[in-house]
>>> print(open('entry_35.txt').read())   # compact mmCIF, C-alpha atoms
# COMPACT_ATOMS: atom_id res chain seq x y z
CA LEU A 1 -5.93 -10.63 8.89
CA ALA A 2 -5.59 -8.55 12.02
CA LYS A 3 -7.62 -5.36 11.86
CA THR A 4 -5.83 -2.13 12.70
CA THR A 5 -7.11 1.12 14.17
CA GLN A 6 -5.21 4.40 13.99
CA PRO A 7 -6.15 8.08 14.32
CA ILE A 8 -7.56 9.66 11.20
CA SER A 9 -5.41 12.77 11.44
CA MET A 10 -2.74 14.53 13.50
CA ASP A 11 -1.13 17.96 13.44
CA SER A 12 2.38 18.75 14.63
CA TYR A 13 4.74 21.70 14.53
CA GLU A 14 8.04 21.46 12.76
CA GLY A 15 10.86 20.14 14.92
CA GLN A 16 8.62 18.19 17.25
CA GLU A 17 8.59 14.44 17.76
CA VAL A 18 5.44 12.78 16.44
CA ASN A 19 4.07 9.51 17.75
CA ILE A 20 1.33 7.68 15.86
CA THR A 21 -0.22 4.73 17.64
CA CYS A 22 -1.89 1.81 15.94
CA SER A 23 -4.10 -0.74 17.70
CA HIS A 24 -4.13 -4.35 16.52
CA ASN A 25 -5.78 -6.40 19.23
CA ASN A 26 -6.10 -9.54 17.11
CA ILE A 27 -2.50 -9.75 15.97
CA ALA A 28 -1.39 -13.33 15.32
CA THR A 29 1.79 -14.96 16.55
CA ASN A 30 3.50 -14.88 13.15
CA ASP A 31 2.38 -11.38 12.21
CA TYR A 32 4.80 -8.52 11.72
CA ILE A 33 3.92 -4.83 12.01
CA THR A 34 4.77 -2.66 9.04
CA TRP A 35 4.38 1.08 8.48
CA TYR A 36 4.13 2.87 5.16
CA GLN A 37 4.21 6.54 4.23
CA GLN A 38 2.33 7.98 1.27
CA PHE A 39 2.72 11.41 -0.29
CA PRO A 40 0.06 12.80 -2.64
CA SER A 41 0.25 11.38 -6.14
CA GLN A 42 2.77 8.72 -5.13
CA GLY A 43 2.60 5.08 -4.15
CA PRO A 44 3.11 4.13 -0.49
CA ARG A 45 6.72 3.83 0.68
CA PHE A 46 7.94 1.32 3.26
CA ILE A 47 9.19 3.03 6.43
CA ILE A 48 9.81 0.45 9.10
CA GLN A 49 8.90 -3.04 10.24
CA GLY A 50 9.11 -4.89 13.51
CA TYR A 51 7.97 -7.91 15.50
CA LYS A 52 8.54 -6.91 19.12
CA THR A 53 10.27 -4.36 21.38
CA LYS A 54 11.94 -1.53 19.49
CA VAL A 55 13.23 -1.07 15.97
CA THR A 56 15.04 2.01 14.74
CA ASN A 57 16.26 3.06 11.33
CA GLU A 58 17.38 6.32 9.76
CA VAL A 59 13.79 7.47 9.30
CA ALA A 60 11.80 6.38 12.33
CA SER A 61 11.48 4.21 15.40
CA LEU A 62 8.86 1.59 16.06
CA PHE A 63 7.87 0.69 19.60
CA ILE A 64 5.98 -2.55 20.24
CA PRO A 65 4.89 -3.51 23.78
CA ALA A 66 5.19 -7.05 25.06
CA ASP A 67 1.56 -7.96 24.31
CA ARG A 68 1.97 -6.66 20.73
CA LYS A 69 -1.61 -5.40 20.68
CA SER A 70 -0.48 -1.96 19.64
CA SER A 71 2.52 -0.24 18.12
CA THR A 72 3.78 3.32 17.96
CA LEU A 73 5.57 4.91 15.05
CA SER A 74 7.85 7.69 16.22
CA LEU A 75 9.13 10.35 13.84
CA PRO A 76 11.87 12.50 15.40
CA ARG A 77 11.93 16.25 14.74
CA VAL A 78 9.45 16.32 11.88
CA SER A 79 9.77 18.73 8.99
CA LEU A 80 7.24 19.98 6.47
CA SER A 81 8.31 17.19 4.13
CA ASP A 82 6.98 14.61 6.60
CA THR A 83 3.42 15.74 5.83
CA ALA A 84 1.89 12.55 4.47
CA VAL A 85 -0.49 9.71 5.22
CA TYR A 86 0.92 6.94 7.42
CA TYR A 87 -0.45 3.41 7.28
CA CYS A 88 -0.06 0.64 9.83
CA LEU A 89 -0.31 -2.92 8.51
CA VAL A 90 -0.22 -6.22 10.33
CA GLY A 91 0.39 -9.55 8.69
CA GLU A 92 2.75 -12.27 7.72
CA GLY A 93 3.35 -11.34 4.13
CA TYR A 94 2.49 -13.07 0.87
CA GLN A 95 -1.15 -12.43 1.54
CA LYS A 96 -4.00 -10.08 0.90
CA VAL A 97 -3.10 -6.74 2.46
CA THR A 98 -5.54 -4.25 3.95
CA PHE A 99 -4.33 -0.68 4.25
CA GLY A 100 -7.20 1.10 5.95
CA THR A 101 -7.52 4.88 5.74
CA GLY A 102 -4.27 5.65 7.54
CA THR A 103 -3.30 8.69 9.63
CA LYS A 104 -2.97 11.98 7.83
CA LEU A 105 -0.10 13.90 9.43
CA GLN A 106 0.01 17.64 8.83
CA VAL A 107 3.25 19.36 9.85
CA ILE A 108 2.78 23.04 10.56
CA PRO A 109 5.58 25.60 10.15
CA GLY B 1 18.48 -0.01 -9.29
CA ALA B 2 15.19 0.43 -11.09
CA GLY B 3 12.06 0.50 -9.03
CA VAL B 4 8.56 -0.58 -9.95
CA SER B 5 7.29 1.14 -13.06
CA GLN B 6 3.75 1.49 -14.31
CA THR B 7 2.45 2.56 -17.68
CA PRO B 8 0.68 4.64 -18.67
CA SER B 9 0.87 7.21 -15.90
CA ASN B 10 -2.51 8.57 -16.95
CA LYS B 11 -5.29 6.98 -18.93
CA VAL B 12 -8.51 8.67 -19.98
CA THR B 13 -11.14 6.49 -21.58
CA GLU B 14 -14.81 6.46 -22.33
CA LYS B 15 -17.42 4.41 -20.55
CA GLY B 16 -17.67 0.95 -22.06
CA LYS B 17 -14.13 0.83 -23.43
CA TYR B 18 -11.43 -1.73 -22.64
CA VAL B 19 -8.18 -0.70 -20.92
CA GLU B 20 -4.91 -2.37 -20.03
CA LEU B 21 -2.60 -1.17 -17.30
CA ARG B 22 0.96 -2.45 -17.15
CA CYS B 23 3.29 -3.06 -14.24
CA ASP B 24 7.03 -3.79 -14.39
CA PRO B 25 8.15 -5.07 -10.99
CA ILE B 26 11.61 -4.95 -9.50
CA SER B 27 13.72 -7.64 -11.13
CA GLY B 28 13.73 -10.85 -9.15
CA HIS B 29 10.68 -10.05 -7.06
CA THR B 30 8.41 -13.08 -7.06
CA ALA B 31 5.32 -11.46 -5.59
CA LEU B 32 3.31 -8.78 -7.39
CA TYR B 33 0.28 -6.92 -6.05
CA TRP B 34 -2.38 -4.74 -7.63
CA TYR B 35 -4.33 -2.15 -5.63
CA ARG B 36 -6.89 0.50 -6.42
CA GLN B 37 -6.96 3.79 -4.56
CA SER B 38 -9.75 6.33 -4.56
CA LEU B 39 -9.35 9.88 -3.31
CA GLY B 40 -9.03 10.04 0.47
CA GLN B 41 -8.93 6.28 0.87
CA GLY B 42 -6.15 3.81 1.49
CA PRO B 43 -5.10 1.38 -1.23
CA GLU B 44 -7.67 -1.35 -1.78
CA PHE B 45 -6.29 -4.81 -2.51
CA LEU B 46 -7.28 -6.32 -5.85
CA ILE B 47 -5.05 -9.32 -6.55
CA TYR B 48 -1.64 -10.71 -5.87
CA PHE B 49 0.59 -13.06 -7.84
CA GLN B 50 3.20 -15.46 -6.61
CA GLY B 51 5.23 -16.17 -9.72
CA THR B 52 2.91 -16.62 -12.67
CA GLY B 53 -0.15 -17.66 -10.73
CA ALA B 54 -2.75 -15.53 -9.02
CA ALA B 55 -2.45 -16.55 -5.38
CA ASP B 56 -5.38 -14.41 -4.23
CA ASP B 57 -7.80 -12.59 -6.54
CA SER B 58 -10.49 -12.05 -3.94
CA GLY B 59 -10.23 -8.27 -4.22
CA LEU B 60 -11.23 -8.06 -7.87
CA PRO B 61 -14.61 -6.29 -7.75
CA ASN B 62 -16.27 -8.26 -10.58
CA ASP B 63 -15.57 -10.25 -13.71
CA ARG B 64 -14.81 -7.13 -15.74
CA PHE B 65 -11.43 -7.08 -14.01
CA PHE B 66 -8.71 -9.54 -14.89
CA ALA B 67 -4.96 -9.64 -14.41
CA VAL B 68 -2.19 -11.75 -15.85
CA ARG B 69 1.50 -12.31 -15.24
CA PRO B 70 2.42 -14.87 -17.91
CA GLU B 71 6.19 -15.01 -17.38
CA GLY B 72 6.32 -14.20 -13.70
CA SER B 73 7.57 -10.67 -14.25
CA VAL B 74 5.49 -8.02 -16.01
CA SER B 75 1.80 -7.96 -15.15
CA THR B 76 -1.18 -6.47 -16.94
CA LEU B 77 -4.43 -5.46 -15.30
CA LYS B 78 -7.28 -5.58 -17.78
CA ILE B 79 -10.62 -3.87 -17.34
CA GLN B 80 -13.46 -4.57 -19.73
CA ARG B 81 -16.52 -2.38 -20.32
CA THR B 82 -15.17 0.37 -18.08
CA GLU B 83 -17.58 2.27 -15.85
CA ARG B 84 -17.26 5.71 -14.32
CA GLY B 85 -16.89 4.06 -10.93
CA ASP B 86 -13.66 2.43 -12.09
CA SER B 87 -11.96 5.84 -12.05
CA ALA B 88 -9.13 5.66 -9.52
CA VAL B 89 -5.38 5.35 -9.20
CA TYR B 90 -4.25 1.79 -9.82
CA LEU B 91 -1.12 0.89 -7.88
CA CYS B 92 1.24 -2.00 -8.40
CA ALA B 93 3.75 -3.30 -5.86
CA SER B 94 6.32 -6.06 -5.83
CA SER B 95 7.98 -7.99 -3.04
CA GLU B 96 10.78 -10.49 -2.72
CA GLY B 97 10.24 -11.70 0.78
CA LYS B 98 7.48 -13.10 2.86
CA LEU B 99 7.15 -10.09 5.12
CA LEU B 100 4.94 -7.12 4.27
CA THR B 101 7.71 -5.16 2.59
CA GLN B 102 6.30 -4.05 -0.70
CA TYR B 103 7.76 -1.61 -3.20
CA PHE B 104 5.17 0.46 -4.97
CA GLY B 105 5.10 2.02 -8.39
CA PRO B 106 3.85 5.55 -9.02
CA GLY B 107 0.45 4.34 -10.12
CA THR B 108 -1.76 4.78 -13.16
CA ARG B 109 -4.52 7.34 -12.87
CA LEU B 110 -7.53 6.00 -14.74
CA THR B 111 -10.35 8.36 -15.63
CA VAL B 112 -13.50 6.97 -17.19
CA LEU B 113 -15.66 9.65 -18.79
>>> encode(input="entry_35.txt", output="C-alpha cells")
Amino acid sequence: LAKTTQPISMDSYEGQEVNITCSHNNIATNDYITWYQQFPSQGPRFIIQGYKTKVTNEVASLFIPADRKSSTLSLPRVSLSDTAVYYCLVGEGYQKVTFGTGTKLQVIP
Amino acid sequence: GAGVSQTPSNKVTEKGKYVELRCDPISGHTALYWYRQSLGQGPEFLIYFQGTGAADDSGLPNDRFFAVRPEGSVSTLKIQRTERGDSAVYLCASSEGKLLTQYFGPGTRLTVL
C-alpha cells in the first residue's frame, strides 16, 4: 500500500478556498486517490476520488499532477461546517486500507 | 436508501467480559470492513470481508478478536475477555465496487471499565 503524508492541521477563515495536499510518492499504477471527511462522533464520509488530472464534484475538486506523486483537495469557500478531519487514501480497493491521522481543518469565523 | 447501521451505538462493559458488535451494510454491498478508532487517531483497519469470507484479517490485534459474516450481509465483531485497551469506537463500512469508496456507519463506542 502506498504511504501517504499530509499536514496534521490547517486553519482557514470562512469564505476562503482551502487546499490540502497529500504526498504519495510510492503510488502504484492501478491505485486511485480517495479523500474522506470525518466529523466528530461520525464515521468518515467519502468526498472525492480520482486517478489523474482534475476531478470536480459538488463538494470539492481534486487536482492530481502528471506524476501522481501528490494530490490536492480543494474546498471552495469553506464554512464553519467544513471543520473536520480530512483523510487521503491511496489504493486499488478491495484491500486493507490505512487511514493515517489525517488533516484537521479548523474553519474560523 | 438505508445506509450502514451499527448496533449498539454505545456499549459499556467490564474487563474480562465478552461483547458482540453488529454491522448491517448497505444492501447489495459485497465488501464489508471493520475498523477501530481511538481518540485523535485515524481509523485502524481490523478485517475485511468479500462475501462471506474474511479476505484480510491481518489487522485483528490478537485472538481475542473475531468477526463473522455468515450470509454475506450482516457482520458481527466479537471480542472475548475484553481489556481496558479495547475501549474505542468500532466502525463498519461497506463497499460495492473495487475502488476505495466505502460507506461508513456511525460506529459503536465501546468502553471497557
>>> atom_distance(input="entry_35.txt", atom1="CA of Tyr90 (chain B)", atom2="CA of Phe46 (chain A)")
17.9 Å
>>> residues_around(input="entry_35.txt", residues="Glu44 (chain B)", least_positions_apart="4", cutoff="8 Å", atoms="all atoms listed in the file", output="PyMOL selection string")
(chain A and resi 98-99) or (chain B and resi 35-37+59)
>>> interface_residues(input="entry_35.txt", of="chain B", to="chain A", cutoff="6 Å", atoms="all atoms listed in the file", output="list in words")
Gln41, Gly42, Pro43, Lys98, Leu99, Leu100, Phe104, Gly105 and Pro106 of chain B
>>> closest_residue(input="entry_35.txt", among="A:Ser9, A:Asn57, A:Asn19, A:Gln37", to="Thr72 (chain A)", atoms="only C-alpha atoms")
A:Asn19
>>> residues_around(input="entry_35.txt", residues="region 85-89 of chain B", least_positions_apart="6", cutoff="7 Å", atoms="all atoms listed in the file", output="number ranges by chain")
B: 36-38, 107-112
>>> write_last_selection(input="entry_35.txt", atoms="C-alpha atoms", output="PDB file, keeping the file's coordinate frame")
ATOM      1  CA  ARG B  36      -6.890   0.500  -6.420  1.00  0.00           C
ATOM      2  CA  GLN B  37      -6.960   3.790  -4.560  1.00  0.00           C
ATOM      3  CA  SER B  38      -9.750   6.330  -4.560  1.00  0.00           C
ATOM      4  CA  GLY B 107       0.450   4.340 -10.120  1.00  0.00           C
ATOM      5  CA  THR B 108      -1.760   4.780 -13.160  1.00  0.00           C
ATOM      6  CA  ARG B 109      -4.520   7.340 -12.870  1.00  0.00           C
ATOM      7  CA  LEU B 110      -7.530   6.000 -14.740  1.00  0.00           C
ATOM      8  CA  THR B 111     -10.350   8.360 -15.630  1.00  0.00           C
ATOM      9  CA  VAL B 112     -13.500   6.970 -17.190  1.00  0.00           C
TER      10      VAL B 112
END
>>> closest_residue(input="entry_35.txt", among="B:Arg84, B:Arg64, B:Lys78, B:Arg69", to="Leu21 (chain B)", atoms="all atoms listed in the file")
B:Lys78
>>> closest_residue(input="entry_35.txt", among="B:Pro70, B:Pro25, B:Pro61, B:Gly16", to="Gly3 (chain B)", atoms="all atoms listed in the file")
B:Pro25
>>> atom_distance(input="entry_35.txt", atom1="CA of Lys54 (chain A)", atom2="CA of Ser94 (chain B)")
26.3 Å
>>> atom_distance(input="entry_35.txt", atom1="CA of Lys11 (chain B)", atom2="CA of Ser58 (chain B)")
24.8 Å
>>> residues_around(input="entry_35.txt", residues="Phe49 (chain B)", least_positions_apart="4", cutoff="8 Å", atoms="all atoms listed in the file", output="ChimeraX atom specification")
/B:30-33,53-56,69
>>> axis_aligned_box(input="entry_35.txt", around="region 55-61 of chain B", padding_each_side="6 Å", output="AutoDock Vina command-line options")
--center_x -8.5 --center_y -11.4 --center_z -5.9 --size_x 24.2 --size_y 22.3 --size_z 15.9
>>> build_atoms(input="entry_35.txt", residues="region 20-35 of chain B", atoms="N, CA and C atoms", output="JSON list (two decimals), in the coordinates of the input")
[["chain", "number", "residue", "atom", "x", "y", "z"],
["B", 20, "GLU", "N", -5.96, -1.52, -20.59],
["B", 20, "GLU", "CA", -4.91, -2.37, -20.03],
["B", 20, "GLU", "C", -3.91, -1.49, -19.30],
["B", 21, "LEU", "N", -3.57, -1.90, -18.10],
["B", 21, "LEU", "CA", -2.60, -1.17, -17.30],
["B", 21, "LEU", "C", -1.43, -2.12, -17.05],
["B", 22, "ARG", "N", -0.21, -1.59, -17.23],
["B", 22, "ARG", "CA", 0.96, -2.45, -17.15],
["B", 22, "ARG", "C", 1.81, -2.15, -15.93],
["B", 23, "CYS", "N", 2.40, -3.20, -15.39],
["B", 23, "CYS", "CA", 3.29, -3.06, -14.24],
["B", 23, "CYS", "C", 4.58, -3.83, -14.48],
["B", 24, "ASP", "N", 5.72, -3.15, -14.32],
["B", 24, "ASP", "CA", 7.03, -3.79, -14.39],
["B", 24, "ASP", "C", 7.61, -3.83, -12.98],
["B", 25, "PRO", "N", 7.68, -5.00, -12.37],
["B", 25, "PRO", "CA", 8.15, -5.07, -10.99],
["B", 25, "PRO", "C", 9.67, -4.97, -10.91],
["B", 26, "ILE", "N", 10.17, -4.90, -9.72],
["B", 26, "ILE", "CA", 11.61, -4.95, -9.50],
["B", 26, "ILE", "C", 12.10, -6.34, -9.90],
["B", 27, "SER", "N", 13.20, -6.37, -10.64],
["B", 27, "SER", "CA", 13.72, -7.64, -11.13],
["B", 27, "SER", "C", 13.98, -8.61, -9.99],
["B", 28, "GLY", "N", 13.50, -9.83, -10.16],
["B", 28, "GLY", "CA", 13.73, -10.85, -9.15],
["B", 28, "GLY", "C", 12.65, -10.96, -8.10],
["B", 29, "HIS", "N", 11.76, -9.98, -8.04],
["B", 29, "HIS", "CA", 10.68, -10.05, -7.06],
["B", 29, "HIS", "C", 9.63, -11.06, -7.52],
["B", 30, "THR", "N", 9.33, -12.02, -6.66],
["B", 30, "THR", "CA", 8.41, -13.08, -7.06],
["B", 30, "THR", "C", 6.95, -12.72, -6.84],
["B", 31, "ALA", "N", 6.70, -11.84, -5.89],
["B", 31, "ALA", "CA", 5.32, -11.46, -5.59],
["B", 31, "ALA", "C", 4.99, -10.12, -6.23],
["B", 32, "LEU", "N", 3.77, -10.02, -6.76],
["B", 32, "LEU", "CA", 3.31, -8.78, -7.39],
["B", 32, "LEU", "C", 1.88, -8.53, -6.97],
["B", 33, "TYR", "N", 1.59, -7.30, -6.58],
["B", 33, "TYR", "CA", 0.28, -6.92, -6.05],
["B", 33, "TYR", "C", -0.32, -5.80, -6.89],
["B", 34, "TRP", "N", -1.63, -5.85, -7.03],
["B", 34, "TRP", "CA", -2.38, -4.74, -7.63],
["B", 34, "TRP", "C", -3.35, -4.18, -6.57],
["B", 35, "TYR", "N", -3.41, -2.85, -6.52],
["B", 35, "TYR", "CA", -4.33, -2.15, -5.63],
["B", 35, "TYR", "C", -5.06, -1.07, -6.43]]
